[in-house]
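So this one's model.txt, compact mmCIF, C-alpha atoms and all ligand atoms:
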```txt
# COMPACT_ATOMS: atom_id res chain seq x y z
CA MET A 1 -16.38 85.60 -51.79
CA LYS A 2 -13.26 83.48 -51.78
CA LYS A 3 -13.65 83.05 -48.07
CA LYS A 4 -17.28 82.02 -48.54
CA LYS A 5 -16.27 79.46 -51.21
CA ASN A 6 -13.70 77.97 -48.80
CA GLN A 7 -16.34 77.82 -46.10
CA LYS A 8 -18.62 75.99 -48.52
CA LYS A 9 -15.81 73.56 -49.38
CA ALA A 10 -15.14 72.99 -45.72
CA GLY A 11 -18.85 72.43 -45.18
CA VAL A 12 -19.00 69.79 -47.91
CA PHE A 13 -15.91 68.11 -46.45
CA VAL A 14 -17.41 67.99 -42.95
CA LEU A 15 -20.66 66.70 -44.37
CA SER A 16 -18.84 63.93 -46.28
CA VAL A 17 -16.91 62.92 -43.17
CA LEU A 18 -20.12 62.82 -41.17
CA LEU A 19 -21.81 60.71 -43.86
CA MET A 20 -18.87 58.29 -43.95
CA LEU A 21 -18.82 58.06 -40.17
CA GLY A 22 -22.55 57.41 -40.22
CA LEU A 23 -22.08 54.68 -42.82
CA LEU A 24 -19.28 53.10 -40.80
CA LEU A 25 -21.34 53.20 -37.63
CA THR A 26 -24.29 51.64 -39.44
CA LEU A 27 -22.08 48.87 -40.80
CA ALA A 28 -20.53 48.29 -37.39
CA GLY A 29 -24.03 48.14 -35.92
CA CYS A 30 -25.16 45.50 -38.41
CA GLY A 31 -21.99 43.53 -37.86
CA GLY A 32 -22.46 43.72 -34.13
CA ASP A 33 -26.07 42.62 -34.26
CA GLY A 34 -25.24 39.85 -36.67
CA SER A 35 -22.42 38.40 -34.61
CA SER A 36 -24.25 38.58 -31.30
CA ALA A 37 -27.29 36.90 -32.81
CA GLY A 38 -24.93 34.24 -34.12
CA ALA A 39 -23.31 33.80 -30.72
CA GLU A 40 -26.71 33.47 -29.11
CA GLU A 41 -27.68 30.79 -31.57
CA ASN A 42 -24.44 28.97 -30.85
CA THR A 43 -25.05 29.11 -27.13
CA ILE A 44 -28.53 27.68 -27.46
CA GLY A 45 -27.24 25.07 -29.87
CA GLU A 46 -24.48 24.00 -27.50
CA GLN A 47 -26.82 23.86 -24.53
CA ALA A 48 -29.24 21.68 -26.44
CA ASN A 49 -26.33 19.57 -27.55
CA ALA A 50 -24.99 19.34 -24.02
CA ALA A 51 -28.37 18.26 -22.71
CA GLY A 52 -28.73 15.69 -25.44
CA THR A 53 -25.31 14.16 -25.62
CA GLY A 54 -23.34 15.53 -22.69
CA SER A 55 -20.78 17.34 -24.83
CA THR A 56 -17.51 18.49 -23.29
CA ALA A 57 -17.42 21.22 -20.66
CA SER A 58 -14.83 23.28 -22.55
CA VAL A 59 -17.16 23.82 -25.50
CA ILE A 60 -19.97 24.94 -23.23
CA GLN A 61 -17.65 27.33 -21.36
CA ILE A 62 -16.65 29.17 -24.53
CA HIS A 63 -20.21 29.88 -25.51
CA THR A 64 -21.55 30.78 -22.09
CA LYS A 65 -18.69 33.14 -21.19
CA GLY A 66 -20.11 36.31 -19.74
CA VAL A 67 -23.53 34.71 -19.25
CA GLU A 68 -24.76 34.83 -15.68
CA PRO A 69 -24.92 31.36 -14.09
CA LYS A 70 -28.39 30.17 -13.13
CA THR A 71 -29.10 31.34 -9.62
CA GLU A 72 -32.66 30.08 -9.55
CA GLY A 73 -32.98 26.74 -7.79
CA ILE A 74 -30.49 24.25 -6.43
CA PRO A 75 -27.71 23.20 -8.85
CA ASP A 76 -27.20 19.63 -10.06
CA SER A 77 -25.75 17.47 -7.30
CA ARG A 78 -22.41 17.23 -9.11
CA THR A 79 -20.56 19.37 -11.63
CA ASP A 80 -19.48 17.96 -15.01
CA SER A 81 -16.07 17.22 -13.47
CA GLY A 82 -17.69 15.15 -10.69
CA GLU A 83 -17.39 17.54 -7.74
CA VAL A 84 -20.31 18.01 -5.35
CA ASP A 85 -21.84 21.34 -6.40
CA THR A 86 -22.89 23.71 -3.61
CA SER A 87 -22.86 26.85 -5.76
CA GLY A 88 -25.98 28.93 -5.25
CA ILE A 89 -26.78 27.16 -1.97
CA ASP A 90 -27.08 29.71 0.84
CA LYS A 91 -25.24 28.20 3.81
CA GLU A 92 -26.88 30.65 6.18
CA LYS A 93 -30.37 29.48 5.25
CA PRO A 94 -31.97 26.19 6.35
CA MET A 95 -31.64 23.14 4.11
CA ILE A 96 -33.19 19.70 4.18
CA ALA A 97 -32.57 16.53 2.17
CA LEU A 98 -35.56 14.65 0.75
CA THR A 99 -34.64 11.02 0.09
CA PHE A 100 -36.55 8.34 -1.84
CA ASP A 101 -36.02 4.58 -1.46
CA ASP A 102 -36.91 1.37 -3.31
CA GLY A 103 -37.41 2.90 -6.79
CA PRO A 104 -37.48 3.65 -9.54
CA GLY A 105 -41.23 3.09 -9.41
CA ASP A 106 -44.72 4.38 -10.04
CA GLY A 107 -44.26 7.68 -8.20
CA THR A 108 -40.84 8.58 -9.61
CA GLU A 109 -41.88 10.57 -12.65
CA ARG A 110 -44.38 12.77 -10.79
CA ILE A 111 -41.97 13.35 -7.92
CA LEU A 112 -39.27 14.39 -10.38
CA ARG A 113 -41.65 16.86 -12.01
CA VAL A 114 -42.55 18.52 -8.69
CA LEU A 115 -38.89 18.77 -7.71
CA GLN A 116 -38.01 20.37 -11.04
CA GLU A 117 -40.94 22.79 -10.94
CA ASN A 118 -39.75 24.02 -7.56
CA GLY A 119 -36.01 24.21 -8.24
CA ALA A 120 -35.41 21.40 -5.73
CA LYS A 121 -33.00 18.45 -5.71
CA ALA A 122 -33.27 15.12 -3.89
CA THR A 123 -31.44 11.83 -3.36
CA PHE A 124 -32.71 8.55 -4.79
CA PHE A 125 -31.61 5.27 -3.19
CA GLU A 126 -32.47 2.83 -5.94
CA LEU A 127 -32.65 -0.94 -6.12
CA GLY A 128 -30.52 -2.47 -8.88
CA GLY A 129 -33.32 -4.83 -9.87
CA ARG A 130 -35.82 -1.99 -10.22
CA ILE A 131 -33.32 0.04 -12.27
CA GLN A 132 -33.02 -2.90 -14.67
CA ALA A 133 -36.80 -3.03 -14.98
CA ARG A 134 -37.17 0.72 -15.68
CA PRO A 135 -33.77 2.12 -16.69
CA GLU A 136 -35.32 5.16 -18.43
CA LEU A 137 -36.59 6.47 -15.08
CA SER A 138 -33.13 6.30 -13.51
CA LYS A 139 -31.67 8.02 -16.53
CA LYS A 140 -34.17 10.87 -16.21
CA LEU A 141 -33.31 11.36 -12.54
CA ALA A 142 -29.59 11.37 -13.23
CA GLU A 143 -29.97 13.80 -16.12
CA ALA A 144 -32.04 16.08 -13.88
CA GLY A 145 -29.06 16.38 -11.52
CA MET A 146 -30.42 14.30 -8.64
CA GLN A 147 -28.03 12.36 -6.37
CA MET A 148 -28.11 8.73 -7.49
CA ALA A 149 -27.45 6.25 -4.71
CA SER A 150 -27.69 2.54 -3.95
CA HIS A 151 -30.26 0.65 -1.88
CA THR A 152 -28.64 -2.70 -2.88
CA TYR A 153 -29.77 -4.98 -5.69
CA ASP A 154 -32.87 -6.60 -4.19
CA HIS A 155 -33.31 -5.34 -0.63
CA PRO A 156 -31.87 -8.01 1.69
CA ASP A 157 -31.07 -7.38 5.35
CA LEU A 158 -27.31 -7.03 4.94
CA THR A 159 -26.64 -8.17 8.52
CA LYS A 160 -28.18 -11.55 7.69
CA ILE A 161 -26.22 -12.44 4.55
CA SER A 162 -22.59 -13.40 3.98
CA GLU A 163 -19.79 -10.98 3.21
CA GLU A 164 -19.67 -12.35 -0.35
CA ASP A 165 -23.40 -11.77 -0.79
CA VAL A 166 -23.16 -8.20 0.54
CA SER A 167 -20.39 -7.54 -1.93
CA SER A 168 -22.46 -9.02 -4.75
CA GLN A 169 -25.44 -6.83 -3.77
CA TYR A 170 -23.29 -3.70 -4.07
CA THR A 171 -21.67 -4.74 -7.35
CA ARG A 172 -24.88 -5.77 -9.11
CA ALA A 173 -26.65 -2.55 -8.04
CA GLU A 174 -23.68 -0.52 -9.22
CA LYS A 175 -23.61 -2.21 -12.62
CA ALA A 176 -27.34 -1.68 -13.13
CA MET A 177 -27.03 2.01 -12.31
CA GLU A 178 -23.96 2.47 -14.45
CA LYS A 179 -25.68 0.86 -17.41
CA ALA A 180 -28.80 3.02 -17.03
CA THR A 181 -27.23 6.37 -16.13
CA GLY A 182 -23.53 6.18 -16.97
CA GLY A 183 -22.68 6.93 -13.34
CA LYS A 184 -22.04 4.97 -10.15
CA PRO A 185 -23.96 5.30 -6.88
CA THR A 186 -22.45 7.86 -4.50
CA ALA A 187 -23.98 6.62 -1.24
CA LEU A 188 -25.77 3.62 0.25
CA ARG A 189 -28.91 3.27 2.29
CA PRO A 190 -28.91 -0.22 3.80
CA PRO A 191 -32.35 -1.89 3.52
CA TYR A 192 -34.35 -1.55 6.79
CA GLY A 193 -31.58 0.81 7.92
CA ALA A 194 -29.86 -2.34 9.12
CA SER A 195 -26.10 -2.61 9.35
CA ASN A 196 -23.45 -3.88 11.74
CA GLU A 197 -19.72 -3.44 12.13
CA ARG A 198 -18.99 -6.24 9.67
CA VAL A 199 -21.26 -4.75 6.98
CA ARG A 200 -20.04 -1.19 7.50
CA SER A 201 -16.38 -2.17 7.29
CA GLN A 202 -16.93 -3.64 3.82
CA THR A 203 -19.13 -0.82 2.50
CA PRO A 204 -17.46 1.40 -0.12
CA TYR A 205 -19.99 4.23 0.40
CA PRO A 206 -21.15 6.47 3.24
CA LEU A 207 -24.24 4.84 4.83
CA ILE A 208 -27.07 7.39 4.87
CA LEU A 209 -29.99 6.81 7.24
CA TRP A 210 -32.63 9.43 8.15
CA ASN A 211 -34.04 11.28 11.15
CA VAL A 212 -37.52 12.12 9.80
CA ASP A 213 -39.73 9.19 8.74
CA SER A 214 -42.80 10.01 6.64
CA GLU A 215 -44.04 6.44 7.24
CA ASP A 216 -45.38 6.52 3.70
CA TRP A 217 -44.77 2.78 3.27
CA SER A 218 -47.12 2.11 6.17
CA SER A 219 -49.93 4.67 5.74
CA ARG A 220 -50.04 4.77 1.90
CA ASP A 221 -52.18 7.86 2.39
CA ALA A 222 -51.17 11.34 1.20
CA GLU A 223 -52.80 13.21 4.08
CA ALA A 224 -51.25 10.92 6.67
CA ILE A 225 -47.84 11.28 5.01
CA CYS A 226 -48.08 15.09 5.08
CA ASN A 227 -49.23 15.06 8.70
CA ALA A 228 -46.39 12.76 9.76
CA VAL A 229 -43.93 15.23 8.19
CA TYR A 230 -45.64 18.32 9.69
CA ASP A 231 -45.66 16.65 13.14
CA ALA A 232 -41.93 15.91 12.86
CA ASN A 233 -41.40 19.60 12.06
CA PRO A 234 -38.18 19.10 10.08
CA GLY A 235 -35.39 21.60 10.52
CA ASP A 236 -32.00 22.51 9.10
CA GLY A 237 -29.80 19.49 8.32
CA ASP A 238 -32.57 16.89 8.52
CA ILE A 239 -32.88 13.87 6.23
CA LEU A 240 -36.44 12.85 5.32
CA LEU A 241 -37.40 9.32 4.28
CA PHE A 242 -39.91 8.59 1.48
CA HIS A 243 -40.45 5.86 -1.13
CA ASP A 244 -40.99 6.82 -4.77
CA ILE A 245 -42.90 3.63 -5.55
CA TYR A 246 -46.30 4.81 -4.25
CA ASP A 247 -48.82 7.13 -5.89
CA SER A 248 -49.79 8.33 -2.41
CA THR A 249 -46.20 9.46 -1.82
CA ALA A 250 -46.21 11.38 -5.11
CA ASP A 251 -49.50 13.03 -4.03
CA ALA A 252 -47.94 14.04 -0.70
CA ILE A 253 -44.78 15.34 -2.37
CA GLU A 254 -46.92 17.59 -4.57
CA THR A 255 -48.02 19.30 -1.35
CA LEU A 256 -44.81 19.05 0.70
CA VAL A 257 -42.28 20.42 -1.81
CA PRO A 258 -44.16 23.72 -2.39
CA TYR A 259 -44.74 23.87 1.39
CA PHE A 260 -41.02 23.64 2.18
CA LYS A 261 -40.20 26.11 -0.56
CA GLU A 262 -42.72 28.55 0.88
CA LYS A 263 -41.11 28.13 4.32
CA GLY A 264 -37.73 29.06 2.86
CA TYR A 265 -36.09 25.62 3.07
CA GLN A 266 -33.54 24.75 0.40
CA MET A 267 -34.21 21.20 -0.81
CA VAL A 268 -30.76 19.81 -1.59
CA THR A 269 -29.23 16.36 -2.09
CA VAL A 270 -27.65 14.55 0.86
CA GLU A 271 -24.12 15.08 -0.45
CA GLN A 272 -24.82 18.78 -1.12
CA MET A 273 -26.13 19.28 2.42
CA PHE A 274 -23.07 17.70 4.05
CA ALA A 275 -20.68 19.54 1.72
CA ALA A 276 -22.44 22.86 2.37
CA LYS A 277 -22.04 22.28 6.12
CA GLY A 278 -18.38 21.31 5.76
CA ILE A 279 -18.94 17.71 6.91
CA GLU A 280 -16.91 15.09 5.05
CA LEU A 281 -18.87 11.92 4.25
CA LYS A 282 -16.69 8.85 4.91
CA ASN A 283 -17.19 5.40 3.45
CA GLY A 284 -18.39 2.81 5.95
CA THR A 285 -19.76 5.47 8.33
CA LEU A 286 -23.41 5.97 9.34
CA TYR A 287 -25.13 9.38 9.06
CA TYR A 288 -28.62 10.31 10.27
CA ASN A 289 -28.60 14.07 9.60
CA ALA A 290 -26.18 16.91 8.94
NI NI B 1 -36.13 0.00 1.31
```
Written as structure tokens, that's how I'd like the structure from this file.
Ligand code: NI
Amino acid sequence: MKKKKNQKKAGVFVLSVLLMLGLLLTLAGCGGDGSSAGAEENTIGEQANAAGTGSTASVIQIHTKGVEPKTEGIPDSRTDSGEVDTSGIDKEKPMIALTFDDGPGDGTERILRVLQENGAKATFFELGGRIQARPELSKKLAEAGMQMASHTYDHPDLTKISEEDVSSQYTRAEKAMEKATGGKPTALRPPYGASNERVRSQTPYPLILWNVDSEDWSSRDAEAICNAVYDANPGDGDILLFHDIYDSTADAIETLVPYFKEKGYQMVTVEQMFAAKGIELKNGTLYYNA
């Protein structure tokens, strides 16, 4: 009887402990859920904040700790600290660089949308004068992580103007871009692809030409642009020339970007392609492909 009573006491004790444990676990569970939901909210808040105002990298790091980096698509051309970003680019797989001259213009917005929809990046060689006319377009490109580059201020043949005028072309284009995007151009495409030793020696950027010409400026026809590119059969390391000022180019890009993606080509910026291949881009030097 006594023994039985003790057993009953022990049973009540065990039951109480179990109840308390259960209560503690429940509380811990609530706490856990609450804090993780809070953290998630913070993360989203910070990301939105970062996109809107470009808040500091350290804040973003705290809230994204343990979160897998985005592996889908090509990263922004540069990291927040200004380094060329090749993370997530598979160096064993083919890559090409789509480049757009003479903008920002009528095709820019549609081209940007197609690039974004397909996880692609590209390089935009903009004219300072056109940036001043439509600064919001340049800003959108820069914010989307594209490589922002110079095509001079108003498209002169640099070999036919004085050293002072070349310098002024670079400076005015740079100021226009800086005002619109907050960043400076990271490369130059000389108008008409024209340069000489004198021009190159005073150029504070790598001079990027191309080895595949879509001839979009001449045909102004989407089908002809696509065919010119298919005929050229671009391969790994190639630089393709387009102009984002034509609707016909935007039409062609809507076909070509999904086509290249389907073929397994990584569409990267010029500086990403050279960095991924271990080629250092030097100021005052001409490059046609990587
Ligand atoms: Ni041009």
Item checked: 6 Å shell around ligand NI 1 (chain B) using all atoms listed in the file, listed as a list in words ->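 Listing the residues within 6 Å of ligand NI 1 (chain B) gives Asp101, Asp102, Pro191 and Tyr192 of chain A.
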Check: Hey, can you check how far atom CA of A:His155 sits from atom CA of A:Pro190?
Finding: 8.1 Å
Notebook entry, point to check: Nearest to A:Gln266 among A:Ala224, A:Ser150, A:Asp236, A:Ala187, with distances taken over only C-alpha atoms: which residue is it?
Noted result: A:Asp236
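Ranking A:Phe274, A:Phe260, A:Tyr246, A:Phe125 by their shortest atom-to-atom distance to A:Asn289, with only C-alpha atoms included, puts A:Phe274 first.
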Next item on the list: Kindly indicate which residue among A:Gly103, A:Gly183, A:Pro206, A:Pro75 lies nearest to A:Asn283, using all atoms listed in the file for the distances.
Entry: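 With all atoms listed in the file as the atom set, the closest residue is A:Pro206.
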Next item on the list: Go through A:Met177, A:Leu286, A:Ala275, A:Ala120 one by one, measure the shortest atom-to-atom distance of each to A:Val199 using all atoms listed in the file, and give the residue with the smallest value.
Entry: A:Leu286
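Nearest to A:Arg200 of all the residues A:Gln272, A:Ala176, A:Ser138, A:Tyr287 is A:Tyr287, counting all atoms listed in the file.
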Margin query: Show me, as a PyMOL selection string, the residues that have an atom within 10 Å of A:Glu117 when counting only C-alpha atoms, minus same-chain residues fewer than 4 positions from it.
Written below: chain A and resi 73+111-113+257-258
